[in-house]
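> coords_19.txt is the file, holding compact mmCIF, C-alpha atoms and all ligand atoms:
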# COMPACT_ATOMS: atom_id res chain seq x y z
CA MET A 233 194.54 138.22 107.03
CA LYS A 234 196.63 135.06 107.19
CA LEU A 235 196.06 132.31 104.70
CA ARG A 236 197.58 128.85 105.17
CA ILE A 237 198.62 127.02 102.02
CA LEU A 238 198.88 123.24 102.16
CA SER A 239 200.53 121.23 99.41
CA GLY A 240 199.75 117.69 98.30
CA ALA A 241 202.70 116.46 100.37
CA ASP A 242 201.28 118.25 103.43
CA VAL A 243 197.88 116.64 102.84
CA ARG A 244 199.40 113.16 102.56
CA ARG A 245 201.46 113.58 105.70
CA LEU A 246 198.76 115.17 107.85
CA MET A 247 195.86 112.83 107.03
CA PRO A 248 196.46 109.09 107.40
CA MET A 249 193.76 106.92 105.83
CA GLY A 250 192.48 105.50 109.12
CA GLU A 251 191.82 108.98 110.48
CA ALA A 252 190.31 110.08 107.18
CA ILE A 253 187.78 107.21 107.40
CA ASP A 254 186.79 108.20 110.94
CA LEU A 255 186.50 111.82 109.84
CA MET A 256 184.26 110.81 106.94
CA ALA A 257 182.08 108.80 109.35
CA ARG A 258 181.43 111.92 111.42
CA THR A 259 180.97 114.03 108.30
CA MET A 260 178.51 111.71 106.57
CA ILE A 261 176.45 111.41 109.76
CA ALA A 262 176.19 115.23 109.78
CA VAL A 263 175.32 115.20 106.07
CA SER A 264 172.52 112.68 106.59
CA ALA A 265 171.24 114.64 109.59
CA ARG A 266 171.02 117.54 107.10
CA GLU A 267 173.36 119.65 109.23
CA ALA A 268 175.61 120.35 106.24
CA VAL A 269 175.00 122.63 103.28
CA ASN A 270 175.64 120.84 99.97
CA PRO A 271 174.34 122.60 96.87
CA LEU A 272 174.69 120.52 93.73
CA ARG A 273 178.01 121.04 92.01
CA ALA A 274 178.35 123.00 88.80
CA VAL A 275 180.33 121.22 86.09
CA MET A 276 181.13 122.92 82.81
CA ALA A 277 182.73 121.71 79.60
CA LEU A 278 185.69 123.93 78.77
CA PRO A 279 186.28 125.69 75.47
CA GLY A 280 188.41 123.47 73.25
CA GLY A 281 186.76 120.30 74.57
CA LYS A 282 189.85 119.03 76.40
CA GLY A 283 188.56 119.10 79.93
CA ARG A 284 185.85 120.04 82.39
CA PHE A 285 185.76 122.36 85.36
CA GLY A 286 183.75 121.66 88.51
CA LEU A 287 182.79 123.95 91.37
CA MET A 288 181.67 122.42 94.67
CA PRO A 289 180.57 124.82 97.42
CA GLY A 290 179.46 123.63 100.83
CA GLY A 291 179.52 124.10 104.57
CA LEU A 292 179.59 122.10 107.79
CA PRO A 293 178.70 123.29 111.28
CA ASP A 294 181.87 124.30 113.20
CA ALA A 295 184.23 123.27 110.38
CA GLY A 296 183.38 126.30 108.24
CA PHE A 297 182.50 126.54 104.60
CA GLY A 298 184.32 126.57 101.34
CA LEU A 299 184.64 125.81 97.70
CA LYS A 300 186.48 123.14 95.79
CA ALA A 301 187.43 124.19 92.28
CA LEU A 302 188.59 121.17 90.32
CA SER A 303 189.63 120.69 86.71
CA LEU A 304 189.12 117.29 85.07
CA PHE A 305 191.56 116.55 82.27
CA PRO A 306 191.36 112.79 81.62
CA ASP A 307 194.49 112.70 79.44
CA ASN A 308 196.68 114.30 82.11
CA PRO A 309 198.20 111.04 83.48
CA ALA A 310 200.03 110.56 80.15
CA ALA A 311 201.73 113.90 80.86
CA GLY A 312 202.60 112.86 84.41
CA LEU A 313 199.86 114.97 85.98
CA SER A 314 196.77 114.08 87.99
CA SER A 315 193.53 114.05 85.98
CA HIS A 316 191.89 115.97 88.85
CA LEU A 317 193.71 119.21 89.73
CA GLY A 318 192.52 122.08 91.83
CA LEU A 319 192.15 123.86 95.13
CA ILE A 320 189.95 123.80 98.17
CA LEU A 321 189.32 127.24 99.67
CA LEU A 322 188.36 127.08 103.34
CA PHE A 323 186.58 129.91 105.18
CA GLU A 324 186.09 130.11 108.95
CA PRO A 325 182.50 130.23 110.26
CA GLU A 326 182.82 133.09 112.78
CA HIS A 327 183.48 136.06 110.48
CA GLY A 328 183.64 134.36 107.10
CA ARG A 329 187.38 134.94 106.63
CA PRO A 330 189.24 132.78 104.11
CA VAL A 331 191.76 130.77 106.12
CA ALA A 332 193.34 128.18 103.84
CA ILE A 333 194.06 126.93 100.36
CA VAL A 334 194.54 123.16 100.14
CA ASP A 335 195.73 121.03 97.24
CA ALA A 336 192.56 119.37 95.98
CA ALA A 337 194.12 116.52 93.98
CA GLU A 338 195.51 114.77 97.04
CA ALA A 339 192.59 115.71 99.28
CA THR A 340 190.11 114.34 96.73
CA SER A 341 192.05 111.13 96.32
CA ILE A 342 192.11 110.47 100.07
CA ARG A 343 188.61 111.64 101.02
CA THR A 344 186.92 109.68 98.21
CA ALA A 345 188.67 106.47 99.20
CA ALA A 346 187.94 107.20 102.86
CA VAL A 347 184.20 107.40 102.15
CA SER A 348 184.40 104.07 100.29
CA GLY A 349 186.36 102.74 103.27
CA LEU A 350 183.53 103.85 105.54
CA ALA A 351 180.94 102.18 103.28
CA THR A 352 183.00 99.00 103.24
CA ARG A 353 183.45 99.03 106.99
CA LEU A 354 179.67 99.36 107.40
CA LEU A 355 178.39 97.14 104.58
CA ALA A 356 180.92 94.45 103.66
CA ARG A 357 180.96 91.07 105.34
CA GLU A 358 183.37 91.01 108.28
CA ASP A 359 185.34 88.21 106.60
CA ALA A 360 185.66 89.98 103.23
CA ALA A 361 189.31 89.48 102.23
CA ASP A 362 189.40 89.11 98.45
CA LEU A 363 189.47 92.52 96.73
CA ALA A 364 189.09 93.29 93.03
CA ILE A 365 189.95 96.77 91.79
CA LEU A 366 188.81 97.91 88.34
CA GLY A 367 191.04 100.77 87.25
CA SER A 368 194.66 101.56 88.07
CA GLY A 369 194.78 105.34 88.52
CA GLU A 370 194.94 107.52 91.61
CA GLN A 371 191.65 106.35 93.06
CA ALA A 372 192.67 102.73 92.55
CA ALA A 373 195.72 103.28 94.74
CA SER A 374 193.88 105.21 97.45
CA HIS A 375 191.06 102.66 97.42
CA LEU A 376 193.46 99.80 98.00
CA GLU A 377 194.78 101.72 101.00
CA ALA A 378 191.25 102.33 102.30
CA MET A 379 190.15 98.71 101.81
CA ALA A 380 193.27 97.49 103.63
CA ALA A 381 192.41 99.86 106.49
CA VAL A 382 188.99 98.31 107.11
CA ARG A 383 189.37 94.62 106.20
CA SER A 384 192.20 92.08 106.46
CA LEU A 385 192.94 91.55 102.79
CA ARG A 386 194.28 88.19 101.67
CA ARG A 387 194.18 88.71 97.95
CA VAL A 388 194.11 91.72 95.61
CA ARG A 389 193.28 91.58 91.91
CA VAL A 390 193.40 94.41 89.42
CA TRP A 391 192.04 94.96 85.94
CA SER A 392 192.65 98.11 83.92
CA ARG A 393 191.79 99.15 80.35
CA THR A 394 195.49 99.47 79.54
CA PRO A 395 197.17 96.21 80.63
CA GLU A 396 200.57 97.89 81.20
CA HIS A 397 198.95 100.27 83.66
CA ALA A 398 197.45 97.33 85.57
CA GLN A 399 200.87 95.67 85.66
CA ALA A 400 202.62 98.82 86.87
CA PHE A 401 199.94 99.25 89.56
CA ALA A 402 200.35 95.64 90.68
CA THR A 403 204.12 95.90 90.98
CA ARG A 404 204.05 99.21 92.83
CA GLU A 405 201.17 98.44 95.19
CA ALA A 406 202.30 94.89 96.01
CA GLU A 407 205.53 96.34 97.30
CA ARG A 408 203.80 99.18 99.11
CA HIS A 409 201.33 96.95 100.96
CA GLY A 410 203.27 93.70 101.16
CA LEU A 411 200.33 91.93 99.50
CA PRO A 412 200.18 89.87 96.32
CA VAL A 413 198.43 91.92 93.59
CA GLU A 414 197.38 89.86 90.56
CA VAL A 415 196.65 91.33 87.12
CA PHE A 416 193.60 90.06 85.22
CA PRO A 417 193.02 90.44 81.49
CA ASP A 418 189.26 90.96 81.72
CA VAL A 419 186.76 92.30 84.21
CA GLU A 420 184.75 89.11 84.57
CA ALA A 421 187.80 87.07 85.61
CA ALA A 422 188.97 89.85 87.91
CA VAL A 423 185.75 90.00 89.91
CA ARG A 424 184.57 86.36 89.94
CA GLY A 425 184.41 85.26 93.58
CA ALA A 426 185.66 88.58 94.95
CA ASP A 427 184.26 89.78 98.29
CA LEU A 428 185.00 93.43 97.63
CA ILE A 429 184.92 95.25 94.29
CA CYS A 430 185.90 98.87 93.67
CA THR A 431 185.10 100.41 90.29
CA VAL A 432 187.41 103.41 89.94
CA THR A 433 187.56 104.13 86.21
CA ALA A 434 186.59 106.93 83.86
CA ALA A 435 184.41 104.49 81.85
CA ARG A 436 181.20 106.00 80.46
CA GLN A 437 179.63 102.61 79.60
CA PRO A 438 179.19 99.71 82.05
CA ILE A 439 182.28 97.60 82.63
CA LEU A 440 180.90 95.56 85.56
CA ARG A 441 177.89 93.28 85.07
CA GLY A 442 175.57 91.89 87.73
CA PRO A 443 175.94 88.16 86.96
CA TRP A 444 179.71 88.39 87.51
CA VAL A 445 179.31 89.58 91.11
CA SER A 446 179.21 86.84 93.76
CA ALA A 447 176.53 86.59 96.42
CA GLY A 448 177.59 88.44 99.55
CA ALA A 449 179.98 90.83 97.79
CA HIS A 450 180.20 94.54 98.51
CA VAL A 451 180.77 96.95 95.60
CA ASN A 452 181.99 100.55 95.77
CA ALA A 453 181.04 102.27 92.48
CA VAL A 454 183.10 105.44 92.35
CA GLY A 455 183.75 106.38 88.72
CA ALA A 456 180.73 107.54 86.73
CA SER A 457 179.54 110.81 88.24
CA MET A 458 177.38 112.28 85.51
CA PRO A 459 173.76 111.55 84.59
CA ASN A 460 174.77 110.09 81.21
CA ALA A 461 177.64 107.85 82.39
CA ALA A 462 177.56 104.34 83.87
CA GLU A 463 180.28 102.05 85.20
CA ILE A 464 177.98 99.25 86.37
CA ASP A 465 175.04 97.69 84.55
CA GLU A 466 171.34 97.81 85.38
CA ASP A 467 171.34 94.18 86.42
CA LEU A 468 173.77 94.85 89.27
CA LEU A 469 171.94 97.98 90.31
CA ARG A 470 168.60 96.16 90.37
CA SER A 471 169.79 93.08 92.25
CA ALA A 472 171.94 94.83 94.88
CA ARG A 473 170.93 96.72 98.00
CA PHE A 474 171.76 100.22 96.97
CA PHE A 475 173.36 102.90 99.16
CA VAL A 476 174.43 106.44 98.23
CA ASP A 477 176.44 109.26 99.76
CA TYR A 478 173.74 111.92 99.40
CA ARG A 479 170.24 111.43 97.97
CA PRO A 480 169.94 114.86 96.29
CA SER A 481 173.22 114.22 94.41
CA ALA A 482 172.11 110.71 93.45
CA GLU A 483 168.82 112.06 92.13
CA ALA A 484 170.70 114.59 89.98
CA GLU A 485 174.01 112.99 89.01
CA ALA A 486 174.09 109.19 89.44
CA GLY A 487 173.88 107.99 85.83
CA GLU A 488 173.42 104.30 86.60
CA TYR A 489 170.59 105.01 89.03
CA LEU A 490 168.88 107.64 86.90
CA MET A 491 168.95 105.57 83.71
CA ALA A 492 167.70 102.43 85.50
CA LYS A 493 164.90 104.45 87.10
CA ALA A 494 163.93 106.05 83.79
CA SER A 495 163.71 102.66 82.08
CA GLY A 496 161.64 101.18 84.91
CA VAL A 497 164.28 98.61 85.93
CA ILE A 498 164.18 99.93 89.49
CA GLY A 499 161.45 101.72 91.39
CA PRO A 500 161.56 105.15 93.03
CA ASP A 501 162.38 103.62 96.44
CA HIS A 502 165.48 101.74 95.34
CA ILE A 503 167.90 103.73 97.52
CA ALA A 504 168.09 101.78 100.80
CA ALA A 505 169.89 104.54 102.72
CA GLU A 506 172.60 107.17 102.66
CA ILE A 507 175.87 105.93 104.09
CA GLY A 508 175.61 108.53 106.88
CA GLU A 509 172.27 107.02 107.89
CA VAL A 510 173.92 103.61 108.12
CA ALA A 511 176.80 105.08 110.13
CA ALA A 512 174.28 106.53 112.58
CA ASN A 513 172.16 103.38 112.59
CA PRO A 514 174.10 100.25 111.49
CA GLY A 515 170.85 98.25 111.51
CA LEU A 516 170.11 99.85 108.13
CA GLY A 517 173.11 98.07 106.55
CA ARG A 518 173.71 94.50 105.38
CA ARG A 519 170.88 92.10 106.27
CA SER A 520 172.48 88.77 105.34
CA GLY A 521 175.75 87.19 104.29
CA ASP A 522 174.28 86.57 100.83
CA GLU A 523 173.07 89.94 99.74
CA VAL A 524 175.13 92.12 97.44
CA THR A 525 175.57 95.64 98.78
CA LEU A 526 176.39 98.48 96.42
CA PHE A 527 177.63 101.91 97.44
CA LYS A 528 177.46 104.66 94.83
CA SER A 529 179.92 107.47 95.53
CA LEU A 530 179.50 110.81 93.81
CA GLY A 531 181.48 113.00 96.18
CA ILE A 532 180.09 116.07 97.95
CA ALA A 533 181.53 119.37 99.13
CA ALA A 534 180.99 118.65 102.84
CA GLU A 535 183.68 115.97 102.53
CA ASP A 536 186.13 118.55 101.18
CA VAL A 537 185.30 121.13 103.84
CA ALA A 538 185.72 118.52 106.57
CA VAL A 539 189.07 117.45 105.17
CA ALA A 540 190.31 121.02 104.79
CA ARG A 541 189.31 121.87 108.37
CA PHE A 542 190.99 118.71 109.70
CA LEU A 543 194.17 119.54 107.80
CA VAL A 544 194.26 123.17 108.91
CA ASP A 545 193.77 122.16 112.56
CA ARG A 546 196.62 119.67 112.24
CA ALA A 547 198.82 122.14 110.41
CA GLU A 548 198.31 124.76 113.10
CA ILE A 549 199.69 122.32 115.66
CA ASP A 550 202.80 121.32 113.74
CA GLY A 551 203.34 124.46 111.65
CA ALA A 552 202.89 122.70 108.31
CA GLY A 553 202.41 124.58 105.08
CA GLN A 554 203.13 128.17 104.14
CA ILE A 555 201.48 131.30 105.47
CA ALA A 556 200.57 134.14 103.11
CA ASP A 557 199.30 137.58 104.06
CA ILE A 558 196.35 138.66 101.96
P1 LIG B 601 192.85 108.54 86.85
O1 LIG B 601 192.88 109.49 85.70
O2 LIG B 601 193.98 108.52 87.79
O3 LIG B 601 192.59 107.06 86.33
C1 LIG B 601 191.56 106.81 85.40
C2 LIG B 601 191.35 105.32 85.30
O4 LIG B 601 190.21 105.09 84.46
C3 LIG B 601 192.52 104.58 84.67
O5 LIG B 601 192.69 103.36 85.38
C4 LIG B 601 192.05 104.30 83.26
O6 LIG B 601 192.55 103.09 82.75
C5 LIG B 601 190.57 104.16 83.44
N1 LIG B 601 189.77 104.46 82.25
C6 LIG B 601 189.76 105.62 81.56
N2 LIG B 601 188.85 105.54 80.56
C7 LIG B 601 188.30 104.30 80.63
C8 LIG B 601 187.32 103.63 79.87
N3 LIG B 601 186.70 104.21 78.86
N4 LIG B 601 187.01 102.36 80.22
C9 LIG B 601 187.62 101.75 81.27
N5 LIG B 601 188.56 102.36 82.03
C10 LIG B 601 188.90 103.61 81.71
O7 LIG B 601 191.48 108.90 87.63
P2 LIG B 601 191.15 108.72 89.16
O8 LIG B 601 191.67 107.42 89.62
O9 LIG B 601 191.50 109.94 89.89
O10 LIG B 601 189.54 108.67 89.10
C11 LIG B 601 188.86 107.49 88.66
C12 LIG B 601 187.38 107.81 88.50
O11 LIG B 601 186.84 108.20 89.77
C13 LIG B 601 187.09 108.96 87.53
O12 LIG B 601 185.91 108.68 86.81
C14 LIG B 601 186.84 110.14 88.46
O13 LIG B 601 186.06 111.16 87.89
C15 LIG B 601 186.13 109.44 89.60
N6 LIG B 601 186.19 110.18 90.86
C16 LIG B 601 185.12 110.08 91.71
C17 LIG B 601 185.09 110.77 92.89
C18 LIG B 601 183.96 110.62 93.84
O14 LIG B 601 183.90 111.34 94.83
N7 LIG B 601 183.05 109.69 93.59
C19 LIG B 601 186.21 111.67 93.25
C20 LIG B 601 187.32 111.64 92.33
C21 LIG B 601 187.30 110.91 91.19
P3 LIG B 601 193.95 102.95 81.96
O15 LIG B 601 194.89 103.94 82.57
O16 LIG B 601 194.34 101.54 82.24
O17 LIG B 601 193.65 103.21 80.52
Represent the structure from my file as structure tokens, please.
Ligand code: NDP

Amino acid sequence: MKLRILSGADVRRLMPMGEAIDLMARTMIAVSAREAVNPLRAVMALPGGKGRFGLMPGGLPDAGFGLKALSLFPDNPAAGLSSHLGLILLFEPEHGRPVAIVDAAEATSIRTAAVSGLATRLLAREDAADLAILGSGEQAASHLEAMAAVRSLRRVRVWSRTPEHAQAFATREAERHGLPVEVFPDVEAAVRGADLICTVTAARQPILRGPWVSAGAHVNAVGASMPNAAEIDEDLLRSARFFVDYRPSAEAEAGEYLMAKASGVIGPDHIAAEIGEVAANPGLGRRSGDEVTLFKSLGIAAEDVAVARFLVDRAEIDGAGQIADI
């Protein structure tokens, strides 16, 4: 059997952000139509306490099925490595043969931002142009790219826990996008008046508070992905119209939502819709220019399978990657 191996550089080259957003639109519609298979992921703490290991199996009609195996080592960036490293294994749906191994760090970075790009395209005001990014890691960079793909940005602000990292991000990304990127010393100043806010940090306690978010803003909350972690506070969750990627994942993994529900701050019907439902029926999205919309991203395996299939199809056309006989 032939197995195609695609590196991070292959992934970057073969999947431009605009196409990734369109791919995620089709994928999330299939997810919300319950055409995909998305068991909850298994995440384990590793011996030694340095990192975690996550396994995400899933399948999509036609695309095939697969498994993303991803390690999470938060201190990796200091060593010049991604904090999320791993592989996506893709199998074809006809005979169940493994067909590809894809670098998961790059694929995760792009597909996560692409889903936020989709949410922003569907939920943000058309005139949203002032973006605040909280965090300065890999997702911060891919989210800036995704936001720029769906809205005409006029202004970009960044806050990060380590001010030097925010400054380095601003310098690098301003040059990359030809946009001014301003560094802010605190979260409140960074988000005041912003139309779009992306929270892309590894914070376990809320960094973004409801009263700081302007009427009419759209927020993509991407960081906290465990039941006991929160990046945004209960006030924001309660006051915003709340959208998720996949209800079963939200009910099991979305810390902000689960804690607010347990304490009675929100009711059991607080989820307005999955983003795939909005993509299929845009009438479910924003209802006025004043409401705050909030998209909680947890990430699901169908996204990874869709991305791997897209990449393999592209690679077959242009011969990208390496072929191994197994
Ligand atoms: P990176 O390791 O590249 O960056 C981590 C960022 O989090 C840095 O900006 C860092 O700030 C910041 N940070 C770390 N700890 C804290 C803290 N306690 N308080 C505030 N900020 C903190 O990670 P990624 O960019 O790849 O991922 C960002 C988040 O998104 C992670 O939580 C990750 O698990 C999540 N994620 C979610 C996905 C989804 O599908 N929803 C998919 C992939 C990732 P600094 O460097 O300035 O100290």
> Using all atoms listed in the file for the distances, tell me which of A:Asp427, A:Asp557, A:Glu324, A:Glu488 is nearest to A:Arg541.
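Nearest to A:Arg541: A:Glu324.
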> What's the 6 Å shell around A:Lys300, counting all atoms listed in the file, without same-chain residues fewer than 3 positions away, as a list in words?
Leu287, Met288, Leu319 and Ile320 of chain A
> How would the residues just picked look written out with C-alpha atoms as a PDB file, in the coordinates of the input?

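Produced file again.pdb, reproduced below:
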ATOM      1  CA  LEU A 287     182.790 123.950  91.370  1.00  0.00           C
ATOM      2  CA  MET A 288     181.670 122.420  94.670  1.00  0.00           C
ATOM      3  CA  LEU A 319     192.150 123.860  95.130  1.00  0.00           C
ATOM      4  CA  ILE A 320     189.950 123.800  98.170  1.00  0.00           C
TER       5      ILE A 320
END
> How far is it from atom CA of A:Val415 to atom CA of A:Pro395, in Å with one decimal?
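Taking atom CA of A:Val415 as the start and atom CA of A:Pro395 as the end point, the length is 8.1 Å.
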> How far is it from atom CA of A:Gly496 to atom CA of A:Ala484, in Å with one decimal?
17.0 Å
> Which chains and residue numbers are within 8 Å of ligand LIG 601 (chain B), counting only C-alpha atoms and all ligand atoms, if I want them as a PyMOL selection string?
chain A and resi 304-309+314-316+340-341+343-344+366-373+391-398+431-437+439+453-457+528-532
> Quick one: contact table of stretch 395-489 of chain A to stretch 257-279 of chain A, 12 Å max, nearest atom pair and distance in Å to one decimal per residue, counting all atoms listed in the file, chain and number order, as CSV?

residue,atom,partner,partner_atom,distance
A:Ser457,CA,A:Val275,CA,10.7
A:Met458,CA,A:Val275,CA,9.4
A:Pro459,CA,A:Val275,CA,11.8
A:Val476,CA,A:Ser264,CA,10.6
A:Asp477,CA,A:Met260,CA,7.5
A:Tyr478,CA,A:Ser264,CA,7.3
A:Arg479,CA,A:Ser264,CA,9.0
A:Pro480,CA,A:Leu272,CA,7.8
A:Ser481,CA,A:Leu272,CA,6.5
A:Ala482,CA,A:Leu272,CA,10.1
A:Glu483,CA,A:Leu272,CA,10.4
A:Ala484,CA,A:Leu272,CA,8.1
A:Glu485,CA,A:Leu272,CA,8.9
> Show me, as a ChimeraX atom specification, the residues that have an atom within 7 Å of A:Phe416 when counting only C-alpha atoms, minus same-chain residues fewer than 5 positions from it.
/A:389-391,421-422
> Give me the residues near A:Ile558 as number ranges by chain, where near means some atom within 10 Å (using only C-alpha atoms) and where sequence neighbours in that chain fewer than 6 positions away do not count.
A: 233-235, 330
